[in-house]
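Student: This is start13.cif (mmCIF, C-alpha atoms (C1' of nucleotides)).
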data_run
#
loop_
_atom_site.label_atom_id
_atom_site.label_comp_id
_atom_site.auth_asym_id
_atom_site.auth_seq_id
_atom_site.Cartn_x
_atom_site.Cartn_y
_atom_site.Cartn_z
CA MET A 816 -97.66 0.76 -79.73
CA ASP A 817 -96.76 -2.80 -78.77
CA ASN A 818 -93.21 -1.73 -78.03
CA ILE A 819 -94.46 0.06 -74.89
CA VAL A 820 -95.80 -3.26 -73.62
CA PHE A 821 -92.47 -4.97 -74.33
CA ASP A 822 -90.61 -2.10 -72.77
CA PHE A 823 -92.69 -2.59 -69.62
CA LEU A 824 -92.28 -6.38 -69.60
CA SER A 825 -88.54 -6.26 -70.21
CA ASP A 826 -88.12 -4.62 -66.80
CA TYR A 827 -89.06 -8.05 -65.47
CA LEU A 828 -87.68 -10.60 -67.96
CA LYS A 829 -86.07 -11.06 -71.38
CA ILE A 830 -88.69 -11.90 -74.00
CA SER A 831 -88.02 -14.07 -77.05
CA GLU A 832 -89.22 -13.28 -80.58
CA GLU A 833 -91.76 -16.08 -80.39
CA GLU A 834 -93.16 -14.86 -77.09
CA MET A 835 -93.39 -11.34 -78.49
CA GLU A 836 -95.41 -12.75 -81.35
CA ASN A 837 -97.83 -14.46 -78.97
CA ILE A 838 -98.21 -11.38 -76.83
CA SER A 839 -98.81 -9.13 -79.83
CA GLN A 840 -101.51 -11.41 -81.16
CA GLN A 841 -103.25 -11.47 -77.83
CA ASN A 842 -103.03 -7.74 -77.27
CA VAL A 843 -106.16 -5.72 -77.84
CA ILE A 844 -105.34 -2.06 -78.21
CA LYS A 845 -107.87 0.71 -78.54
CA SER A 846 -107.93 4.50 -78.76
CA PHE A 847 -110.24 6.60 -76.64
CA LYS A 848 -111.24 10.24 -76.77
CA LYS A 849 -110.68 12.45 -73.75
CA GLY A 850 -113.67 12.11 -71.44
CA THR A 851 -114.45 8.50 -72.35
CA VAL A 852 -115.65 6.61 -69.29
CA LEU A 853 -114.03 3.15 -69.17
CA LEU A 854 -115.84 2.02 -66.04
CA SER A 855 -118.83 3.55 -64.23
CA GLU A 856 -119.93 3.34 -60.64
CA GLY A 857 -122.25 0.36 -60.27
CA GLU A 858 -120.78 -1.55 -63.21
CA ILE A 859 -118.90 -4.79 -62.80
CA ALA A 860 -115.55 -4.59 -64.57
CA ASN A 861 -114.73 -7.40 -66.94
CA GLU A 862 -111.81 -5.64 -68.54
CA CYS A 863 -108.50 -4.47 -67.14
CA TYR A 864 -106.31 -1.80 -68.63
CA PHE A 865 -102.75 -0.85 -69.33
CA VAL A 866 -102.08 2.72 -70.40
CA LEU A 867 -99.88 2.98 -73.50
CA LYS A 868 -100.39 6.67 -74.15
CA GLY A 869 -102.43 9.42 -72.52
CA CYS A 870 -103.89 9.45 -69.05
CA VAL A 871 -106.64 7.67 -67.17
CA TYR A 872 -107.90 8.68 -63.74
CA SER A 873 -110.06 7.08 -61.10
CA TYR A 874 -112.56 9.01 -59.03
CA TYR A 875 -115.51 8.59 -56.70
CA VAL A 876 -118.56 10.80 -56.84
CA MET A 877 -119.67 11.53 -53.29
CA GLU A 878 -122.72 13.72 -52.92
CA GLY A 879 -122.10 15.19 -56.35
CA GLU A 880 -118.46 15.84 -55.60
CA VAL A 881 -115.56 14.30 -57.51
CA LYS A 882 -112.84 12.67 -55.39
CA VAL A 883 -109.80 11.65 -57.43
CA THR A 884 -107.82 8.69 -56.13
CA GLU A 885 -105.25 8.05 -58.87
CA PHE A 886 -103.81 9.08 -62.22
CA TYR A 887 -102.47 6.41 -64.55
CA THR A 888 -100.13 7.43 -67.36
CA GLU A 889 -97.78 5.80 -69.88
CA LYS A 890 -96.59 2.29 -68.98
CA GLN A 891 -98.95 1.92 -66.01
CA PRO A 892 -101.35 -0.92 -65.28
CA VAL A 893 -104.68 0.41 -63.98
CA THR A 894 -105.59 -1.27 -60.72
CA ASN A 895 -109.27 -2.04 -60.62
CA VAL A 896 -111.00 -3.34 -57.51
CA SER A 897 -114.14 -4.39 -59.36
CA TYR A 898 -112.13 -6.49 -61.84
CA THR A 899 -110.63 -8.36 -58.87
CA THR A 900 -113.70 -8.68 -56.67
CA LYS A 901 -116.33 -9.01 -59.43
CA LYS A 902 -118.53 -6.67 -57.42
CA PRO A 903 -120.04 -3.42 -58.74
CA SER A 904 -117.44 -0.69 -58.92
CA GLU A 905 -117.69 2.13 -56.41
CA TYR A 906 -115.71 4.49 -58.61
CA TYR A 907 -115.22 5.65 -62.18
CA LEU A 908 -112.33 5.16 -64.58
CA GLU A 909 -112.14 7.87 -67.21
CA CYS A 910 -109.73 9.12 -69.86
CA LEU A 911 -108.36 12.50 -68.87
CA GLU A 912 -106.65 12.83 -72.27
CA ASP A 913 -107.00 11.15 -75.64
CA SER A 914 -105.52 7.78 -74.76
CA ILE A 915 -104.28 4.53 -76.27
CA ILE A 916 -104.93 1.59 -74.00
CA ALA A 917 -104.18 -2.13 -73.97
CA ILE A 918 -107.22 -4.06 -72.79
CA SER A 919 -107.37 -7.52 -71.30
CA THR A 920 -110.07 -9.79 -69.92
CA SER A 921 -109.88 -12.80 -67.63
CA GLU A 922 -110.30 -15.13 -70.64
CA ARG A 923 -107.59 -13.48 -72.72
CA SER A 924 -105.23 -13.38 -69.73
CA LYS A 925 -105.68 -17.11 -69.16
CA GLU A 926 -105.11 -17.83 -72.83
CA LEU A 927 -101.97 -15.73 -72.91
CA LEU A 928 -100.65 -17.29 -69.71
CA SER A 929 -101.11 -20.76 -71.17
CA LYS A 930 -99.09 -19.74 -74.23
CA VAL A 931 -96.39 -17.83 -72.34
CA PRO A 932 -96.34 -19.39 -68.86
CA ARG A 933 -93.35 -17.33 -67.80
CA LEU A 934 -95.66 -14.32 -67.68
CA SER A 935 -97.28 -15.65 -64.52
CA ASP A 936 -94.09 -14.79 -62.60
CA VAL A 937 -94.30 -11.28 -64.02
CA SER A 938 -97.90 -10.89 -62.98
CA THR A 939 -97.04 -11.99 -59.44
CA ILE A 940 -94.19 -9.50 -59.27
CA VAL A 941 -96.29 -6.71 -60.77
CA LEU A 942 -99.08 -7.45 -58.29
CA GLY A 943 -96.59 -7.39 -55.42
CA ASP A 944 -95.13 -4.11 -56.66
CA GLN A 945 -98.56 -2.59 -57.00
CA LEU A 946 -99.43 -3.66 -53.47
CA ALA A 947 -96.21 -2.16 -52.12
CA ASN A 948 -96.83 1.07 -54.06
CA GLN A 949 -100.40 1.30 -52.92
CA GLN A 950 -99.31 0.84 -49.34
CA MET A 951 -96.64 3.52 -49.62
CA LYS A 952 -99.20 5.87 -51.16
CA TYR A 953 -101.56 5.25 -48.25
CA ASP A 954 -98.83 5.69 -45.69
CA ASP A 955 -97.80 9.00 -47.23
CA PHE A 956 -101.37 10.17 -47.02
CA ILE A 957 -101.61 9.37 -43.30
CA ILE A 958 -98.18 10.65 -42.42
CA LEU A 959 -97.82 13.83 -44.42
CA SER A 960 -99.68 17.14 -44.41
CA ALA A 961 -101.39 18.35 -47.58
CA GLU A 962 -98.47 20.73 -48.13
CA LYS A 963 -95.86 17.97 -47.79
CA ARG A 964 -97.89 15.73 -50.11
CA TYR A 965 -97.90 18.46 -52.74
CA GLN A 966 -94.14 18.93 -52.43
CA LYS A 967 -93.57 15.19 -52.74
CA LEU A 968 -95.74 15.10 -55.85
CA GLN A 969 -93.71 17.99 -57.29
CA GLU A 970 -90.50 16.00 -56.73
CA LYS A 971 -91.68 12.59 -57.81
CA SER A 972 -93.98 13.39 -60.73
CA PRO A 973 -93.54 16.99 -61.90
CA ASP A 974 -95.02 15.88 -65.25
CA LEU A 975 -98.42 15.31 -63.61
CA LEU A 976 -98.51 18.90 -62.37
CA ASN A 977 -98.13 20.12 -65.94
CA ARG A 978 -100.57 17.87 -67.72
CA ILE A 979 -103.34 17.70 -65.13
CA PRO A 980 -105.64 20.60 -64.16
CA GLN A 981 -105.05 21.91 -60.67
CA TYR A 982 -108.52 21.25 -59.35
CA LEU A 983 -108.01 17.53 -60.03
CA ILE A 984 -104.58 17.61 -58.41
CA ALA A 985 -106.21 19.25 -55.39
CA SER A 986 -108.81 16.51 -55.23
CA TYR A 987 -106.07 13.89 -55.52
CA LEU A 988 -104.28 15.51 -52.57
CA GLY A 989 -107.51 15.38 -50.58
CA ILE A 990 -108.08 19.15 -50.47
CA LYS A 991 -110.07 21.84 -52.28
CA PRO A 992 -108.69 23.87 -55.21
CA GLU A 993 -108.71 27.00 -53.04
CA SER A 994 -106.51 25.31 -50.46
CA LEU A 995 -104.05 24.16 -53.11
CA SER A 996 -103.88 27.73 -54.35
CA ARG A 997 -103.01 28.89 -50.84
CA ILE A 998 -100.41 26.15 -50.43
CA ARG A 999 -98.75 27.11 -53.71
CA LYS A 1000 -98.71 30.74 -52.63
CA ARG A 1001 -97.15 29.81 -49.26
CA LEU A 1002 -94.48 27.74 -51.00
CA VAL A 1003 -93.26 30.30 -53.53
CA LYS A 1004 -92.16 32.55 -50.68
CA MET B 1016 -102.15 -23.71 -34.34
CA ASP B 1017 -101.79 -25.08 -37.85
CA ASN B 1018 -105.54 -25.37 -38.17
CA ILE B 1019 -105.76 -21.58 -38.43
CA VAL B 1020 -103.53 -21.73 -41.50
CA PHE B 1021 -105.72 -24.44 -43.05
CA ASP B 1022 -108.82 -22.53 -42.13
CA PHE B 1023 -107.41 -19.53 -44.00
CA LEU B 1024 -106.34 -21.59 -47.03
CA SER B 1025 -109.63 -23.46 -47.28
CA ASP B 1026 -111.33 -20.18 -48.17
CA TYR B 1027 -109.44 -20.51 -51.44
CA LEU B 1028 -109.18 -24.25 -52.17
CA LYS B 1029 -109.72 -27.73 -50.80
CA ILE B 1030 -106.52 -29.14 -49.35
CA SER B 1031 -105.65 -32.85 -49.34
CA GLU B 1032 -104.16 -34.72 -46.36
CA GLU B 1033 -100.83 -34.99 -48.15
CA GLU B 1034 -100.73 -31.29 -48.93
CA MET B 1035 -101.58 -30.49 -45.31
CA GLU B 1036 -98.64 -32.62 -44.28
CA ASN B 1037 -96.30 -30.69 -46.58
CA ILE B 1038 -97.58 -27.36 -45.42
CA SER B 1039 -97.29 -28.32 -41.75
CA GLN B 1040 -93.70 -29.44 -42.17
CA GLN B 1041 -92.78 -26.21 -43.91
CA ASN B 1042 -94.56 -24.00 -41.40
CA VAL B 1043 -92.39 -22.19 -38.88
CA ILE B 1044 -94.47 -20.99 -35.97
CA LYS B 1045 -93.18 -18.82 -33.14
CA SER B 1046 -94.54 -17.09 -30.07
CA PHE B 1047 -93.68 -13.50 -29.27
CA LYS B 1048 -94.16 -11.38 -26.17
CA LYS B 1049 -96.13 -8.17 -26.38
CA GLY B 1050 -93.77 -5.39 -27.44
CA THR B 1051 -91.51 -7.59 -29.56
CA VAL B 1052 -90.34 -5.71 -32.64
CA LEU B 1053 -90.50 -7.98 -35.69
CA LEU B 1054 -89.07 -5.42 -38.10
CA SER B 1055 -87.35 -2.10 -37.42
CA GLU B 1056 -87.03 1.01 -39.54
CA GLY B 1057 -83.85 0.71 -41.61
CA GLU B 1058 -83.84 -3.10 -41.59
CA ILE B 1059 -84.37 -5.14 -44.73
CA ALA B 1060 -87.08 -7.73 -44.15
CA ASN B 1061 -86.28 -11.29 -45.07
CA GLU B 1062 -89.26 -12.78 -43.30
CA CYS B 1063 -92.95 -12.40 -43.88
CA TYR B 1064 -95.66 -13.06 -41.33
CA PHE B 1065 -99.09 -14.51 -40.90
CA VAL B 1066 -100.84 -13.81 -37.59
CA LEU B 1067 -102.29 -16.93 -35.95
CA LYS B 1068 -103.12 -15.36 -32.61
CA GLY B 1069 -102.66 -11.96 -31.08
CA CYS B 1070 -102.07 -8.67 -32.85
CA VAL B 1071 -99.28 -7.04 -34.84
CA TYR B 1072 -99.26 -3.40 -35.86
CA SER B 1073 -97.24 -1.32 -38.29
CA TYR B 1074 -96.14 2.23 -37.54
CA TYR B 1075 -93.83 4.96 -38.70
CA VAL B 1076 -91.90 7.16 -36.31
CA MET B 1077 -91.94 10.70 -37.70
CA GLU B 1078 -90.10 13.29 -35.62
CA GLY B 1079 -90.49 11.14 -32.55
CA GLU B 1080 -94.19 10.64 -33.18
CA VAL B 1081 -95.80 7.24 -33.79
CA LYS B 1082 -98.08 6.98 -36.85
CA VAL B 1083 -99.98 3.72 -37.00
CA THR B 1084 -100.89 2.45 -40.46
CA GLU B 1085 -102.39 -0.99 -39.79
CA PHE B 1086 -103.40 -3.61 -37.25
CA TYR B 1087 -103.10 -7.29 -38.18
CA THR B 1088 -105.02 -9.86 -36.16
CA GLU B 1089 -105.99 -13.54 -36.37
CA LYS B 1090 -105.91 -15.05 -39.87
CA GLN B 1091 -104.26 -12.04 -41.47
CA PRO B 1092 -101.15 -11.98 -43.63
CA VAL B 1093 -98.92 -9.02 -42.74
CA THR B 1094 -98.12 -6.98 -45.82
CA ASN B 1095 -94.55 -5.86 -45.78
CA VAL B 1096 -93.12 -3.43 -48.31
CA SER B 1097 -89.51 -4.15 -47.41
CA TYR B 1098 -89.99 -7.90 -47.93
CA THR B 1099 -91.23 -7.15 -51.46
CA THR B 1100 -88.80 -4.40 -52.43
CA LYS B 1101 -85.76 -5.67 -50.50
CA LYS B 1102 -85.08 -2.07 -49.50
CA PRO B 1103 -84.70 -0.86 -45.88
CA SER B 1104 -88.06 -0.65 -44.17
CA GLU B 1105 -89.44 2.79 -43.44
CA TYR B 1106 -91.68 1.50 -40.69
CA TYR B 1107 -91.83 -0.86 -37.73
CA LEU B 1108 -93.75 -4.10 -37.22
CA GLU B 1109 -94.41 -4.84 -33.57
CA CYS B 1110 -96.51 -7.20 -31.47
CA LEU B 1111 -99.25 -5.28 -29.73
CA GLU B 1112 -100.21 -8.41 -27.73
CA ASP B 1113 -98.57 -11.72 -26.95
CA SER B 1114 -98.78 -13.30 -30.39
CA ILE B 1115 -98.35 -16.56 -32.25
CA ILE B 1116 -97.10 -16.02 -35.76
CA ALA B 1117 -96.34 -18.18 -38.81
CA ILE B 1118 -93.11 -17.05 -40.41
CA SER B 1119 -91.97 -17.59 -43.95
CA THR B 1120 -88.94 -16.61 -46.02
CA SER B 1121 -88.42 -16.42 -49.79
CA GLU B 1122 -86.53 -19.74 -49.69
CA ARG B 1123 -89.18 -21.58 -47.70
CA SER B 1124 -91.96 -20.16 -49.87
CA LYS B 1125 -90.22 -21.40 -53.01
CA GLU B 1126 -89.71 -24.83 -51.49
CA LEU B 1127 -93.33 -25.05 -50.41
CA LEU B 1128 -94.57 -23.89 -53.81
CA SER B 1129 -92.53 -26.57 -55.52
CA LYS B 1130 -94.11 -29.23 -53.28
CA VAL B 1131 -97.65 -27.85 -53.46
CA PRO B 1132 -97.82 -25.99 -56.77
CA ARG B 1133 -101.52 -25.29 -56.38
CA LEU B 1134 -100.63 -22.78 -53.70
CA SER B 1135 -99.30 -20.39 -56.32
CA ASP B 1136 -102.89 -19.72 -57.42
CA VAL B 1137 -103.78 -18.98 -53.81
CA SER B 1138 -100.90 -16.58 -53.42
CA THR B 1139 -101.96 -14.74 -56.58
CA ILE B 1140 -105.52 -14.47 -55.32
CA VAL B 1141 -104.42 -13.40 -51.85
CA LEU B 1142 -102.13 -10.78 -53.36
CA GLY B 1143 -104.96 -9.50 -55.53
CA ASP B 1144 -107.30 -9.36 -52.55
CA GLN B 1145 -104.73 -7.53 -50.49
CA LEU B 1146 -104.24 -5.01 -53.27
CA ALA B 1147 -107.98 -4.46 -53.57
CA ASN B 1148 -108.30 -4.09 -49.78
CA GLN B 1149 -105.40 -1.72 -49.57
CA GLN B 1150 -106.91 0.41 -52.31
CA MET B 1151 -110.30 0.49 -50.60
CA LYS B 1152 -108.61 1.48 -47.35
CA TYR B 1153 -106.85 4.33 -49.11
CA ASP B 1154 -109.98 5.48 -50.86
CA ASP B 1155 -111.88 5.54 -47.56
CA PHE B 1156 -109.17 7.68 -46.07
CA ILE B 1157 -109.40 10.24 -48.87
CA ILE B 1158 -113.15 10.23 -49.09
CA LEU B 1159 -114.29 10.15 -45.47
CA SER B 1160 -113.91 12.56 -42.56
CA ALA B 1161 -112.20 11.39 -39.36
CA GLU B 1162 -115.60 11.01 -37.74
CA LYS B 1163 -116.95 8.86 -40.60
CA ARG B 1164 -113.79 6.75 -40.55
CA TYR B 1165 -114.28 6.09 -36.84
CA GLN B 1166 -117.90 5.10 -37.39
CA LYS B 1167 -116.90 2.76 -40.22
CA LEU B 1168 -114.28 1.17 -37.98
CA GLN B 1169 -116.91 0.71 -35.29
CA GLU B 1170 -119.17 -1.11 -37.76
CA LYS B 1171 -116.56 -3.19 -39.55
CA SER B 1172 -114.20 -4.14 -36.71
CA PRO B 1173 -115.74 -3.42 -33.31
CA ASP B 1174 -113.29 -5.97 -31.86
CA LEU B 1175 -110.36 -3.66 -32.64
CA LEU B 1176 -111.91 -0.87 -30.58
CA ASN B 1177 -111.98 -3.17 -27.56
CA ARG B 1178 -108.55 -4.71 -27.76
CA ILE B 1179 -106.52 -1.71 -28.91
CA PRO B 1180 -105.74 1.40 -26.81
CA GLN B 1181 -107.49 4.51 -27.98
CA TYR B 1182 -104.40 6.57 -28.64
CA LEU B 1183 -103.30 3.97 -31.21
CA ILE B 1184 -106.77 3.93 -32.78
CA ALA B 1185 -106.55 7.72 -33.01
CA SER B 1186 -103.18 7.48 -34.74
CA TYR B 1187 -104.60 4.87 -37.12
CA LEU B 1188 -107.44 7.26 -37.99
CA GLY B 1189 -104.90 9.99 -38.66
CA ILE B 1190 -105.88 12.19 -35.72
CA LYS B 1191 -104.74 12.97 -32.15
CA PRO B 1192 -106.12 11.18 -29.07
CA GLU B 1193 -107.76 14.41 -27.91
CA SER B 1194 -109.65 14.69 -31.20
CA LEU B 1195 -110.84 11.10 -31.00
CA SER B 1196 -112.11 11.83 -27.50
CA ARG B 1197 -114.12 14.75 -28.85
CA ILE B 1198 -115.47 12.72 -31.76
CA ARG B 1199 -116.64 10.02 -29.35
CA LYS B 1200 -118.29 12.64 -27.20
CA ARG B 1201 -120.05 14.16 -30.23
CA LEU B 1202 -121.28 10.73 -31.31
CA VAL B 1203 -122.85 9.54 -28.03
CA LYS B 1204 -125.31 12.40 -28.23
"C1'" DT C 1427 -110.66 37.89 -83.00
"C1'" DT C 1428 -114.12 37.93 -79.89
"C1'" DA C 1429 -117.29 35.67 -76.85
"C1'" DA C 1430 -118.19 31.90 -73.81
"C1'" DT C 1431 -116.64 28.77 -70.67
"C1'" DT C 1432 -113.58 26.72 -67.70
"C1'" DT C 1433 -109.90 27.07 -64.42
"C1'" DC C 1434 -107.28 29.56 -60.93
"C1'" DT C 1435 -106.71 32.98 -57.33
"C1'" DT C 1436 -107.96 35.95 -53.52
"C1'" DA C 1437 -110.57 37.50 -49.49
"C1'" DA C 1438 -113.65 37.05 -45.41
"C1'" DC C 1439 -115.52 34.06 -42.34
"C1'" DC C 1440 -116.33 29.32 -40.18
"C1'" DC C 1441 -115.18 24.94 -38.16
"C1'" DA C 1442 -112.73 20.59 -37.12
"C1'" DA C 1443 -108.54 19.16 -35.58
"C1'" DG C 1444 -104.01 20.49 -33.37
"C1'" DT C 1445 -101.61 22.24 -29.24
"C1'" DC C 1446 -100.84 22.93 -24.49
"C1'" DA C 1447 -102.07 22.13 -20.00
"C1'" DA C 1448 -104.51 20.15 -16.22
"C1'" DC C 1449 -106.79 16.41 -13.98
"C1'" DG C 1450 -109.18 12.01 -13.09
"C1'" DA C 1451 -109.28 6.96 -14.23
"C1'" DA C 1452 -107.13 2.84 -15.07
"C1'" DA C 1453 -103.15 -0.29 -15.27
"C1'" DA C 1454 -98.83 -1.86 -13.94
"C1'" DG C 1455 -95.32 -2.59 -10.58
"C1'" DG C 1456 -93.64 -3.06 -6.24
"C1'" DC D 1205 -102.25 -2.62 -0.64
"C1'" DC D 1206 -100.45 1.77 -2.18
"C1'" DT D 1207 -97.49 4.14 -5.58
"C1'" DT D 1208 -96.26 5.22 -10.12
"C1'" DT D 1209 -97.02 5.46 -14.77
"C1'" DT D 1210 -99.92 5.34 -18.57
"C1'" DC D 1211 -104.22 6.51 -20.68
"C1'" DG D 1212 -108.40 9.14 -21.55
"C1'" DT D 1213 -111.01 13.44 -21.06
"C1'" DT D 1214 -111.84 18.30 -20.88
"C1'" DG D 1215 -111.00 23.31 -21.57
"C1'" DA D 1216 -108.85 27.47 -23.85
"C1'" DC D 1217 -106.66 28.89 -27.65
"C1'" DT D 1218 -104.41 28.44 -32.46
"C1'" DT D 1219 -104.33 26.94 -37.11
"C1'" DG D 1220 -105.05 24.79 -41.62
"C1'" DG D 1221 -108.46 23.66 -44.62
"C1'" DG D 1222 -113.60 24.33 -46.02
"C1'" DT D 1223 -117.15 27.57 -47.71
"C1'" DT D 1224 -118.92 31.25 -50.25
"C1'" DA D 1225 -118.46 34.65 -53.45
"C1'" DA D 1226 -116.21 37.49 -56.77
"C1'" DG D 1227 -113.04 38.51 -60.16
"C1'" DA D 1228 -108.77 37.38 -63.05
"C1'" DA D 1229 -106.55 34.27 -66.20
"C1'" DA D 1230 -106.50 30.79 -69.43
"C1'" DT D 1231 -108.91 27.70 -72.73
"C1'" DT D 1232 -112.15 26.67 -76.04
"C1'" DA D 1233 -115.61 27.65 -79.34
"C1'" DA D 1234 -117.75 30.53 -82.59
#
Using the file provided, produce a representation of the structure as structure tokens.
Tutor:
Amino acid sequence: MDNIVFDFLSDYLKISEEEMENISQQNVIKSFKKGTVLLSEGEIANECYFVLKGCVYSYYVMEGEVKVTEFYTEKQPVTNVSYTTKKPSEYYLECLEDSIIAISTSERSKELLSKVPRLSDVSTIVLGDQLANQQMKYDDFIILSAEKRYQKLQEKSPDLLNRIPQYLIASYLGIKPESLSRIRKRLVK
Amino acid sequence: MDNIVFDFLSDYLKISEEEMENISQQNVIKSFKKGTVLLSEGEIANECYFVLKGCVYSYYVMEGEVKVTEFYTEKQPVTNVSYTTKKPSEYYLECLEDSIIAISTSERSKELLSKVPRLSDVSTIVLGDQLANQQMKYDDFIILSAEKRYQKLQEKSPDLLNRIPQYLIASYLGIKPESLSRIRKRLVK
DNA sequence: TTAATTTCTTAACCCAAGTCAACGAAAAGG
DNA sequence: CCTTTTCGTTGACTTGGGTTAAGAAATTAA
């Protein structure tokens, strides 16, 4: 499973055998059953996650209603406000499928960074990329209609539409399942 | 004007006289007239900005229509996707007021970081904070109605409502000026 | 396989925001 | 100062998404 981590890192730099060794030793990898809650509302996160296999999603519960904000699949770091701010989380992180996940903590990250200092450049770049992505995601949401957002999702991540139930896709798009049904009907014509 | 930069930095660490000296020397500060476009759609950004005084806003132009995505005021770093990705910008950055702005480039940042290495921790923290903020902003947009978003803006940044024209606030909230008018009318009752 | 449960679709009706248009208020320019 | 433009509000009408409810389709469990 480690090779997925190296695959991800090698987008940013070439890694030596020795560094690989250090990273492997530091890596804590766990399996979770579908439905496992990794972080609950109200909890303070002391772990951060990287999805190796499966799918994790984040959602708020507002007046009993689930509002999905993101899906994280293979090779994706899970952004986690509570882990950054050390304040109680306002949302949940849950496994949508049986998943294999690399887990880190502040302590382990520091330790790893001291052994492989070059990784700090990677983390800066990854953070910057995540910020840029997050901003683009937000901008799309403001700029585009629900219908356009669905079409864009179809283009950019058709895989998500297959592996994720439609009512969660609807929530992710900011609409109700019934509306997504109507949009899909409109579009097939 | 430098003191605003130090004020910002001192939220993250104590700065020595010598470091201040280095930072001051490296700092490029410019004044801009209201309406000055700092970055146009299609341009690749090679500068990044930090607002010392005044106000900068980011907006897309979609089919001739302006869609505001953010206002940046005193003591705020301006996030800039194009600066990170080195791809043509999809949006504009423009001064909404006469503004005084600290400007950096990749080269100058590197130089400064080599002189004051401690700043790299700050930049990581600031990046992390920005990511967390951006995510919270997105989540609010998905979760809340236009009316709730307006109320939240009123609470959190009443200053913006005074200094920024309403049709731009409306755009920022993702609605039309007419709708914002109606929301305001509904709320005074 | 069948039964139970979950997910998806459709229809009828409602409402908030969009559109178009008009008009008054405020700012900007001369 | 008055004129011109920009900005904010209001009204009438349209529209896309929400709500409720029912049934069909697809999963899951027995």
Student: Using all atoms listed in the file and a cut-off of 10 Å, which residues of chain C sit close to chain B? Please list them as a list in words.
Tutor: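 Result, ordered by chain then number: DA1442, DA1443 and DG1444 of chain C.
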Student: Selection in question (the file shown): the PyMOL selection byres ((chain D and resi 1223) around 9). Which residues does it include, as a short mmCIF file (atom, residue, chain, number, x, y, z; two decimals) with C-alpha atoms (C1' of nucleotides), keeping the file's coordinate frame?
Tutor:
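Once everything was written out, this is result_4.cif:
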data_model
loop_
_atom_site.label_atom_id
_atom_site.label_comp_id
_atom_site.auth_asym_id
_atom_site.auth_seq_id
_atom_site.Cartn_x
_atom_site.Cartn_y
_atom_site.Cartn_z
"C1'" DC C 1439 -115.52 34.06 -42.34
"C1'" DC C 1440 -116.33 29.32 -40.18
"C1'" DG D 1222 -113.60 24.33 -46.02
"C1'" DT D 1224 -118.92 31.25 -50.25
#
Student: Since I can't run it myself right now, could you work out what the PyMOL selection byres ((chain A and resi 906-923) around 6) selects here and report it as a PyMOL selection string?
Tutor: chain A and resi 843-856+862-875+904-905+924-926
Student: Taking the file as shown, what set of residues would the PyMOL selection byres ((chain B) within 8 of (chain D)) give back, as a VMD selection string?
Tutor: chain B and resid 1181 to 1182 1193 1196
Student: Based on the selection just made, write C-alpha atoms of those residues as a PDB file, in the frame of the given file.
Tutor:
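This is the output file part-v3.pdb:
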ATOM      1  CA  GLN B1181    -107.490   4.510 -27.980  1.00  0.00           C
ATOM      2  CA  TYR B1182    -104.400   6.570 -28.640  1.00  0.00           C
ATOM      3  CA  GLU B1193    -107.760  14.410 -27.910  1.00  0.00           C
ATOM      4  CA  SER B1196    -112.110  11.830 -27.500  1.00  0.00           C
TER       5      SER B1196
END
Student: Using all atoms listed in the file, find the residues of chain A whose closest atom to chain B is at most 12 Å away, then write them as a PyMOL selection string.
Tutor: chain A and resi 873-878+880-885+893-902+904-906+935-961+985-990
Student: Kindly list the centre and edge lengths in Å, rounded to one decimal, for the axis-aligned box that covers all listed atoms of range 1439-1442 of chain C plus 5 Å on each of its six sides, as JSON.
Tutor:
{"center_x": -114.5, "center_y": 27.3, "center_z": -39.7, "size_x": 13.6, "size_y": 23.5, "size_z": 15.2}
Student: So, counting all atoms listed in the file, which residue among B:Pro1192, B:Gln1166, B:Leu1128, B:Gln1040 is closest to Pro1180 in chain B?
Tutor: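 Among the listed residues, B:Pro1192 lies closest to Pro1180 in chain B.
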Student: Can you tell me how far CA of Leu1028 in chain B sits from CA of Val931 in chain A, in Å to one decimal?
Tutor: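 Distance between the two atoms: 24.7 Å.
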Student: In Å to one decimal, how far is CA of Ser929 in chain A from CA of Gln1041 in chain B?
Tutor: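 Between these atoms lies a distance of 29.0 Å.
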Student: So what do you get for CA of Asn1018 in chain B versus CA of Ser1172 in chain B, distance-wise?
Tutor: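 Value for the CA of Asn1018 in chain B-CA of Ser1172 in chain B distance: 23.0 Å.
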